[in-house]
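Novice: One structure, pasted below without further comment.
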Amino acid sequence: MSLDGDYDQANVFALILKGQIPAVRLYEDEHTLAFLDIQPQSKGHSLVISKWSQARNILEMEDEALAQVMGTVKKVARALRQALNPDGIHIAQFNGAHAGQTVFHLHFHIVPRWAGGPLGFSAHAQGAFADQAELKALAEQVRANL
Ligand code: AMP
């Protein structure tokens with residue numbers, strides 16, 4: 001998908017917001033939702049989305065929605081640090097299929113990193129699926145720090 005196009009009401013994050021498919025939720029407020037990535041690039045890999053914006057990418061994002069999402073990115077990044085003690089935290093966001101975007105509802109990735117682990121953001125949405133029980137236990141650990 002290119003940078004231009006229509007918002008797909010049935011994209012996977014829209015379905016999570018409607019409660020039509022499950023997600024391991026970490027945090028939510030009136031405007032934003034944070035949940036664990038189903039194909040994590042590291043332990044604690046989280047995603048943050050707006051609940052109301054239908055921006056597909058950052059070029060379309062309302063400033064207000066962007067500010068709300070970034071507030072939650074910071075909050076969750078701090079909780080991940082408290083819970084998991086990473087050596088670094090990678091925050092990433094992709095715009096358009098050619099940049100690696102696979103879900104077209106704007107989102108930020110928060111990826112804890114540890115010394116000795118991979119550097120940079122390798123191909124994502126391609127790795128192994130996480131064990132659901134492990135994700136749920138991890139979410140409890142992170143939520144305890146929010
Ligand atoms: P992007 O390629 O930047 O659009 O990232 C989309 C991310 O969403 C990838 O890291 C996927 O692993 C993740 N993802 C896709 N479906 C789900 C889902 N049902 N629950 C949680 N994460 C998902």
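For the structure tokens, the naming scheme is as follows: chains receive sequential letters (A, B, ...) according to their order of presentation, residues are indexed from 1 within each chain, and ligands are indexed from 1 in presentation order.
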Counting only C-alpha atoms and all ligand atoms, which protein, DNA or RNA residues come within 10 Å of ligand 1, given as JSON, numbers by chain?

Specialist: {"A": [11, 12, 13, 15, 16, 21, 22, 23, 24, 25, 34, 35, 36, 37, 38, 39, 40, 41, 45, 46, 47, 56, 57, 92, 93, 94, 95, 96, 97, 99, 100, 101, 102, 103, 104, 105, 106, 107, 108, 109, 110, 111, 123, 124, 125, 126, 127, 128, 129, 130]}

Novice: Near A:Lys74, within 12 Å and counting only C-alpha atoms, which residues show up once chain neighbours fewer than 2 positions away are dropped, as a ChimeraX atom specification?

Specialist: /A:27,34,46-48,67-72,76-81,89-91,108-110,146

Novice: Would you save the residues from that selection as a PDB file, in the first residue's frame, using N, CA and C atoms?

Specialist:
ATOM      1  N   TYR A  27      -2.246  -0.941  28.409  1.00  0.00           N
ATOM      2  CA  TYR A  27      -2.699   0.351  28.949  1.00  0.00           C
ATOM      3  C   TYR A  27      -3.703   0.935  27.970  1.00  0.00           C
ATOM      4  N   ALA A  34      -2.455   0.736  24.229  1.00  0.00           N
ATOM      5  CA  ALA A  34      -1.151   0.075  24.083  1.00  0.00           C
ATOM      6  C   ALA A  34      -1.345  -1.416  24.310  1.00  0.00           C
ATOM      7  N   SER A  46       5.958  -3.578  22.168  1.00  0.00           N
ATOM      8  CA  SER A  46       4.607  -3.043  22.359  1.00  0.00           C
ATOM      9  C   SER A  46       4.234  -2.125  21.210  1.00  0.00           C
ATOM     10  N   LEU A  47       2.942  -1.920  21.050  1.00  0.00           N
ATOM     11  CA  LEU A  47       2.422  -1.034  20.015  1.00  0.00           C
ATOM     12  C   LEU A  47       1.474  -0.039  20.664  1.00  0.00           C
ATOM     13  N   VAL A  48       1.473   1.188  20.164  1.00  0.00           N
ATOM     14  CA  VAL A  48       0.554   2.212  20.680  1.00  0.00           C
ATOM     15  C   VAL A  48      -0.222   2.799  19.511  1.00  0.00           C
ATOM     16  N   ALA A  67      -0.072  13.801  19.555  1.00  0.00           N
ATOM     17  CA  ALA A  67       0.369  14.159  20.908  1.00  0.00           C
ATOM     18  C   ALA A  67      -0.157  13.146  21.924  1.00  0.00           C
ATOM     19  N   GLN A  68      -1.395  12.724  21.736  1.00  0.00           N
ATOM     20  CA  GLN A  68      -1.976  11.737  22.672  1.00  0.00           C
ATOM     21  C   GLN A  68      -1.216  10.413  22.585  1.00  0.00           C
ATOM     22  N   VAL A  69      -0.944   9.974  21.365  1.00  0.00           N
ATOM     23  CA  VAL A  69      -0.236   8.705  21.177  1.00  0.00           C
ATOM     24  C   VAL A  69       1.182   8.794  21.751  1.00  0.00           C
ATOM     25  N   MET A  70       1.854   9.918  21.514  1.00  0.00           N
ATOM     26  CA  MET A  70       3.230  10.034  22.012  1.00  0.00           C
ATOM     27  C   MET A  70       3.263  10.053  23.536  1.00  0.00           C
ATOM     28  N   GLY A  71       2.245  10.635  24.153  1.00  0.00           N
ATOM     29  CA  GLY A  71       2.172  10.605  25.615  1.00  0.00           C
ATOM     30  C   GLY A  71       2.112   9.174  26.134  1.00  0.00           C
ATOM     31  N   THR A  72       1.337   8.353  25.433  1.00  0.00           N
ATOM     32  CA  THR A  72       1.217   6.946  25.850  1.00  0.00           C
ATOM     33  C   THR A  72       2.491   6.171  25.515  1.00  0.00           C
ATOM     34  N   VAL A  76       4.337   4.076  28.425  1.00  0.00           N
ATOM     35  CA  VAL A  76       4.574   2.630  28.311  1.00  0.00           C
ATOM     36  C   VAL A  76       6.078   2.332  28.261  1.00  0.00           C
ATOM     37  N   ALA A  77       6.851   3.191  27.594  1.00  0.00           N
ATOM     38  CA  ALA A  77       8.307   2.986  27.545  1.00  0.00           C
ATOM     39  C   ALA A  77       8.888   3.025  28.963  1.00  0.00           C
ATOM     40  N   ARG A  78       8.383   3.936  29.770  1.00  0.00           N
ATOM     41  CA  ARG A  78       8.873   4.027  31.151  1.00  0.00           C
ATOM     42  C   ARG A  78       8.486   2.775  31.940  1.00  0.00           C
ATOM     43  N   ALA A  79       7.276   2.291  31.725  1.00  0.00           N
ATOM     44  CA  ALA A  79       6.837   1.076  32.434  1.00  0.00           C
ATOM     45  C   ALA A  79       7.660  -0.133  31.983  1.00  0.00           C
ATOM     46  N   LEU A  80       7.939  -0.209  30.677  1.00  0.00           N
ATOM     47  CA  LEU A  80       8.759  -1.316  30.174  1.00  0.00           C
ATOM     48  C   LEU A  80      10.147  -1.268  30.792  1.00  0.00           C
ATOM     49  N   ARG A  81      10.665  -0.071  30.942  1.00  0.00           N
ATOM     50  CA  ARG A  81      11.989   0.040  31.554  1.00  0.00           C
ATOM     51  C   ARG A  81      11.959  -0.458  33.002  1.00  0.00           C
ATOM     52  N   ILE A  89      15.865   1.386  24.415  1.00  0.00           N
ATOM     53  CA  ILE A  89      14.472   1.231  23.964  1.00  0.00           C
ATOM     54  C   ILE A  89      14.362   1.843  22.575  1.00  0.00           C
ATOM     55  N   HIS A  90      13.995   1.014  21.619  1.00  0.00           N
ATOM     56  CA  HIS A  90      13.868   1.448  20.223  1.00  0.00           C
ATOM     57  C   HIS A  90      12.410   1.830  19.976  1.00  0.00           C
ATOM     58  N   ILE A  91      12.193   3.044  19.491  1.00  0.00           N
ATOM     59  CA  ILE A  91      10.835   3.468  19.139  1.00  0.00           C
ATOM     60  C   ILE A  91      10.809   3.692  17.635  1.00  0.00           C
ATOM     61  N   PHE A 108       2.939   3.220  16.779  1.00  0.00           N
ATOM     62  CA  PHE A 108       4.346   3.283  17.156  1.00  0.00           C
ATOM     63  C   PHE A 108       4.738   1.951  17.777  1.00  0.00           C
ATOM     64  N   HIS A 109       5.940   1.489  17.420  1.00  0.00           N
ATOM     65  CA  HIS A 109       6.530   0.306  18.040  1.00  0.00           C
ATOM     66  C   HIS A 109       7.419   0.764  19.193  1.00  0.00           C
ATOM     67  N   ILE A 110       7.355   0.071  20.307  1.00  0.00           N
ATOM     68  CA  ILE A 110       8.300   0.288  21.416  1.00  0.00           C
ATOM     69  C   ILE A 110       8.996  -1.052  21.635  1.00  0.00           C
ATOM     70  N   LEU A 146       2.767   0.734  35.628  1.00  0.00           N
ATOM     71  CA  LEU A 146       2.097   1.887  35.004  1.00  0.00           C
ATOM     72  C   LEU A 146       1.420   2.759  36.054  1.00  0.00           C
TER      73      LEU A 146
END

Novice: Just how far from atom CA of A:Ser2 is atom CA of A:Ala65, in Å to one decimal?

Specialist: 21.6 Å

Novice: Looking at A:Lys51, A:Glu62, A:Leu135, A:Lys75, which one is nearest to A:His31, with distances taken over only C-alpha atoms?

Specialist: A:Lys51

Novice: Can you pull out every residue within 6 Å of A:Thr32, counting only C-alpha atoms, but drop anything in the same chain fewer than 4 positions away, and send it as a CSV table (one decimal) with C-alpha atoms, in the first residue's frame?

Specialist:
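That gives us selection.csv:
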chain,number,residue,atom,x,y,z
A,28,GLU,CA,-5.6,2.4,27.7
A,49,ILE,CA,-2.4,3.4,18.6
A,50,SER,CA,-5.0,6.2,18.7
A,51,LYS,CA,-8.5,5.0,19.5

Novice: Find the nearest atom pair between each residue of stretch 93-132 of chain A and stretch 83-87 of chain A for residues within 6 Å, count only C-alpha atoms, give distances in Å to one decimal, sort rows by chain and ascending number, and present the table as a tab-separated table.

Specialist:
residue	atom	partner	partner_atom	distance
A:Pro112	CA	A:Pro86	CA	5.6
A:Arg113	CA	A:Pro86	CA	5.5
A:Trp114	CA	A:Asp87	CA	4.8

Novice: Include all heavy atoms and write out the residues we just selected as an mmCIF file, in the first residue's frame.

Specialist:
data_model
loop_
_atom_site.group_PDB
_atom_site.id
_atom_site.type_symbol
_atom_site.label_atom_id
_atom_site.label_comp_id
_atom_site.auth_asym_id
_atom_site.auth_seq_id
_atom_site.Cartn_x
_atom_site.Cartn_y
_atom_site.Cartn_z
ATOM 1 N N PRO A 112 12.051 -2.907 23.568
ATOM 2 C CA PRO A 112 13.167 -2.933 24.514
ATOM 3 C C PRO A 112 14.354 -3.677 23.894
ATOM 4 O O PRO A 112 14.171 -4.669 23.178
ATOM 5 C CB PRO A 112 12.613 -3.704 25.720
ATOM 6 C CG PRO A 112 11.122 -3.643 25.574
ATOM 7 C CD PRO A 112 10.867 -3.607 24.093
ATOM 8 N N ARG A 113 15.565 -3.191 24.177
ATOM 9 C CA ARG A 113 16.781 -3.828 23.654
ATOM 10 C C ARG A 113 17.760 -4.073 24.788
ATOM 11 O O ARG A 113 17.863 -3.262 25.698
ATOM 12 C CB ARG A 113 17.459 -2.920 22.623
ATOM 13 C CG ARG A 113 16.617 -2.607 21.406
ATOM 14 C CD ARG A 113 16.462 -3.805 20.519
ATOM 15 N NE ARG A 113 15.955 -3.429 19.202
ATOM 16 C CZ ARG A 113 15.491 -4.288 18.314
ATOM 17 N NH1 ARG A 113 15.468 -5.565 18.575
ATOM 18 N NH2 ARG A 113 15.061 -3.870 17.153
ATOM 19 N N TRP A 114 18.491 -5.165 24.654
ATOM 20 C CA TRP A 114 19.499 -5.510 25.660
ATOM 21 C C TRP A 114 20.875 -5.589 25.005
ATOM 22 O O TRP A 114 20.972 -5.938 23.819
ATOM 23 C CB TRP A 114 19.152 -6.849 26.314
ATOM 24 C CG TRP A 114 18.024 -6.708 27.277
ATOM 25 C CD1 TRP A 114 18.127 -6.488 28.629
ATOM 26 C CD2 TRP A 114 16.620 -6.746 26.985
ATOM 27 N NE1 TRP A 114 16.872 -6.369 29.182
ATOM 28 C CE2 TRP A 114 15.927 -6.533 28.208
ATOM 29 C CE3 TRP A 114 15.867 -6.921 25.822
ATOM 30 C CZ2 TRP A 114 14.539 -6.496 28.296
ATOM 31 C CZ3 TRP A 114 14.477 -6.887 25.899
ATOM 32 C CH2 TRP A 114 13.838 -6.678 27.132
#

Novice: Atom CA of A:Asp4 and atom CA of A:Glu60 are how many Å apart?

Specialist: 9.3 Å
